[in-house]
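*Asks:* Quick one: the structure is below, questions incoming.
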Amino acid sequence: MVSPVHRTIFLVDVEKYGAAERTTPDLLALRSGLYGALERAFLDCGLPWQESRLDDAGDGLFVLVPATVPKSAFVERFPTALAEAVRAHNARHPKQAQIRVRVALHAGEIAYDEHGVASRAIIKAFRLLDAKVLKKALAKSDGVLALVMSKWFSKRW
């Protein structure tokens with residue numbers, strides 16, 4: 001086991017990814033659109049897409065960003081850049097292949113092993129992403145993105 005290292009934890013989940021009206025081609029368009037929107041938003045904000053660890057979650061992504069990246073970029077610029085990229089995807093696709101996302105931000109010590117990563121901070125980030133209040137906020141909104149961040153993260157950006 002390698003000593004734990006600090007990382008920003010960025011999670012994103014597509015709302016209603018598995019909805020019955022979505023066909024396999026729709027799901028593939030959603031995945032492609034999500035990856036494309038995230039990469040565009042990362043690069044537009046000067047964030048290290050290539051240097052970050054990406055783990056596919058099927059209906060979303062789990063991203064670990066190096067500690068050297070200022071957390072302020074994820075709060076001040078990134079949500080707008082991601083929303084713009086998602087809207088650009090949606091403008092080119094039918095309703096069943098359009099994206100709306102929940103995003104969670106946290107940070108903490110991450111331990112790596114031969115199977116991947118482990119951390120209480122990761123568990124907390126996933127609980128934030130699955131919070132009923134976040135799901136409800138996106139469901140009630142006309143927007144394409146709902147963002148939640150941990151108290152710890154909000155105090156350090």
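In the structure tokens, chains take letters A, B, ... by order of appearance, with residues numbered from 1 within each chain and ligands from 1 in the order shown.
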DSSP on the backbone, then: every residue of range 24-113 of chain A marked strand (DSSP E), written as a PyMOL selection string.
*Replies:* chain A and resi 53-56+60-66+101-113
*Asks:* Each residue of range 88-155 of chain A lying at most 10 Å from range 48-67 of chain A should get a row with its shortest atom-to-atom pair and the distance in Å to one decimal, counting only C-alpha atoms; could you produce that, ordered by chain and increasing number, as CSV?
*Replies:*
residue,atom,partner,partner_atom,distance
A:Val101,CA,A:Gly60,CA,8.6
A:Arg102,CA,A:Gly60,CA,9.2
A:Val103,CA,A:Gly60,CA,9.5
A:Ala104,CA,A:Phe62,CA,9.7
A:Leu105,CA,A:Val63,CA,9.9
A:His106,CA,A:Leu64,CA,10.0
A:Ala107,CA,A:Ala67,CA,8.7
A:Gly108,CA,A:Ala67,CA,9.2
A:Glu109,CA,A:Ala67,CA,9.9
A:Ile110,CA,A:Leu64,CA,9.0
A:Gly116,CA,A:Asp55,CA,9.4
A:Val117,CA,A:Leu64,CA,9.9
A:Ile122,CA,A:Phe62,CA,9.3
A:Ala125,CA,A:Phe62,CA,9.7
A:Phe126,CA,A:Phe62,CA,9.1
*Asks:* Output N, CA, C and O atoms for every residue in the selection just made, as a PDB file, in the first residue's frame.
*Replies:*
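Full text of again30.pdb as output:
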ATOM      1  N   VAL A 101     -27.275  16.539 -14.814  1.00  0.00           N
ATOM      2  CA  VAL A 101     -26.335  15.887 -13.903  1.00  0.00           C
ATOM      3  C   VAL A 101     -26.397  16.434 -12.481  1.00  0.00           C
ATOM      4  O   VAL A 101     -26.716  17.598 -12.259  1.00  0.00           O
ATOM      5  N   ARG A 102     -26.055  15.536 -11.571  1.00  0.00           N
ATOM      6  CA  ARG A 102     -25.769  15.902 -10.192  1.00  0.00           C
ATOM      7  C   ARG A 102     -24.257  15.839 -10.027  1.00  0.00           C
ATOM      8  O   ARG A 102     -23.619  14.903 -10.526  1.00  0.00           O
ATOM      9  N   VAL A 103     -23.706  16.817  -9.323  1.00  0.00           N
ATOM     10  CA  VAL A 103     -22.263  16.886  -9.110  1.00  0.00           C
ATOM     11  C   VAL A 103     -21.998  17.033  -7.617  1.00  0.00           C
ATOM     12  O   VAL A 103     -22.663  17.819  -6.941  1.00  0.00           O
ATOM     13  N   ALA A 104     -21.020  16.279  -7.112  1.00  0.00           N
ATOM     14  CA  ALA A 104     -20.600  16.398  -5.714  1.00  0.00           C
ATOM     15  C   ALA A 104     -19.107  16.687  -5.669  1.00  0.00           C
ATOM     16  O   ALA A 104     -18.328  16.103  -6.430  1.00  0.00           O
ATOM     17  N   LEU A 105     -18.728  17.594  -4.771  1.00  0.00           N
ATOM     18  CA  LEU A 105     -17.326  17.952  -4.568  1.00  0.00           C
ATOM     19  C   LEU A 105     -16.939  17.737  -3.110  1.00  0.00           C
ATOM     20  O   LEU A 105     -17.653  18.145  -2.193  1.00  0.00           O
ATOM     21  N   HIS A 106     -15.812  17.115  -2.929  1.00  0.00           N
ATOM     22  CA  HIS A 106     -15.240  16.903  -1.604  1.00  0.00           C
ATOM     23  C   HIS A 106     -13.739  16.760  -1.817  1.00  0.00           C
ATOM     24  O   HIS A 106     -13.257  16.803  -2.962  1.00  0.00           O
ATOM     25  N   ALA A 107     -12.997  16.594  -0.770  1.00  0.00           N
ATOM     26  CA  ALA A 107     -11.560  16.365  -0.869  1.00  0.00           C
ATOM     27  C   ALA A 107     -11.113  15.606   0.374  1.00  0.00           C
ATOM     28  O   ALA A 107     -11.781  15.640   1.410  1.00  0.00           O
ATOM     29  N   GLY A 108      -9.995  14.934   0.247  1.00  0.00           N
ATOM     30  CA  GLY A 108      -9.473  14.216   1.399  1.00  0.00           C
ATOM     31  C   GLY A 108      -8.344  13.282   1.026  1.00  0.00           C
ATOM     32  O   GLY A 108      -7.895  13.255  -0.125  1.00  0.00           O
ATOM     33  N   GLU A 109      -7.918  12.522   2.002  1.00  0.00           N
ATOM     34  CA  GLU A 109      -6.821  11.578   1.826  1.00  0.00           C
ATOM     35  C   GLU A 109      -7.335  10.319   1.138  1.00  0.00           C
ATOM     36  O   GLU A 109      -8.346   9.754   1.537  1.00  0.00           O
ATOM     37  N   ILE A 110      -6.610   9.910   0.108  1.00  0.00           N
ATOM     38  CA  ILE A 110      -6.976   8.750  -0.692  1.00  0.00           C
ATOM     39  C   ILE A 110      -5.836   7.737  -0.617  1.00  0.00           C
ATOM     40  O   ILE A 110      -4.678   8.080  -0.831  1.00  0.00           O
ATOM     41  N   GLY A 116      -7.407  -0.357  -6.675  1.00  0.00           N
ATOM     42  CA  GLY A 116      -7.945   0.981  -6.921  1.00  0.00           C
ATOM     43  C   GLY A 116      -7.693   1.909  -5.757  1.00  0.00           C
ATOM     44  O   GLY A 116      -6.552   2.091  -5.334  1.00  0.00           O
ATOM     45  N   VAL A 117      -8.766   2.470  -5.214  1.00  0.00           N
ATOM     46  CA  VAL A 117      -8.635   3.459  -4.152  1.00  0.00           C
ATOM     47  C   VAL A 117      -9.618   3.171  -3.026  1.00  0.00           C
ATOM     48  O   VAL A 117     -10.643   2.525  -3.221  1.00  0.00           O
ATOM     49  N   ILE A 122     -14.004   9.415   0.061  1.00  0.00           N
ATOM     50  CA  ILE A 122     -14.735   8.937  -1.114  1.00  0.00           C
ATOM     51  C   ILE A 122     -16.143   8.508  -0.717  1.00  0.00           C
ATOM     52  O   ILE A 122     -17.120   8.838  -1.397  1.00  0.00           O
ATOM     53  N   ALA A 125     -18.200  11.588  -0.255  1.00  0.00           N
ATOM     54  CA  ALA A 125     -18.536  12.221  -1.534  1.00  0.00           C
ATOM     55  C   ALA A 125     -19.691  11.489  -2.212  1.00  0.00           C
ATOM     56  O   ALA A 125     -20.620  12.122  -2.738  1.00  0.00           O
ATOM     57  N   PHE A 126     -19.676  10.158  -2.199  1.00  0.00           N
ATOM     58  CA  PHE A 126     -20.763   9.403  -2.815  1.00  0.00           C
ATOM     59  C   PHE A 126     -22.075   9.580  -2.054  1.00  0.00           C
ATOM     60  O   PHE A 126     -23.149   9.613  -2.656  1.00  0.00           O
TER      61      PHE A 126
END
*Asks:* If we count only C-alpha atoms, what is near Ala83 in chain A at a cut-off of 10 Å, once residues fewer than 4 positions away on the same chain are taken out, given as number ranges by chain?
*Replies:* A: 37-38, 41, 78-79, 87-89, 99-101, 143-146
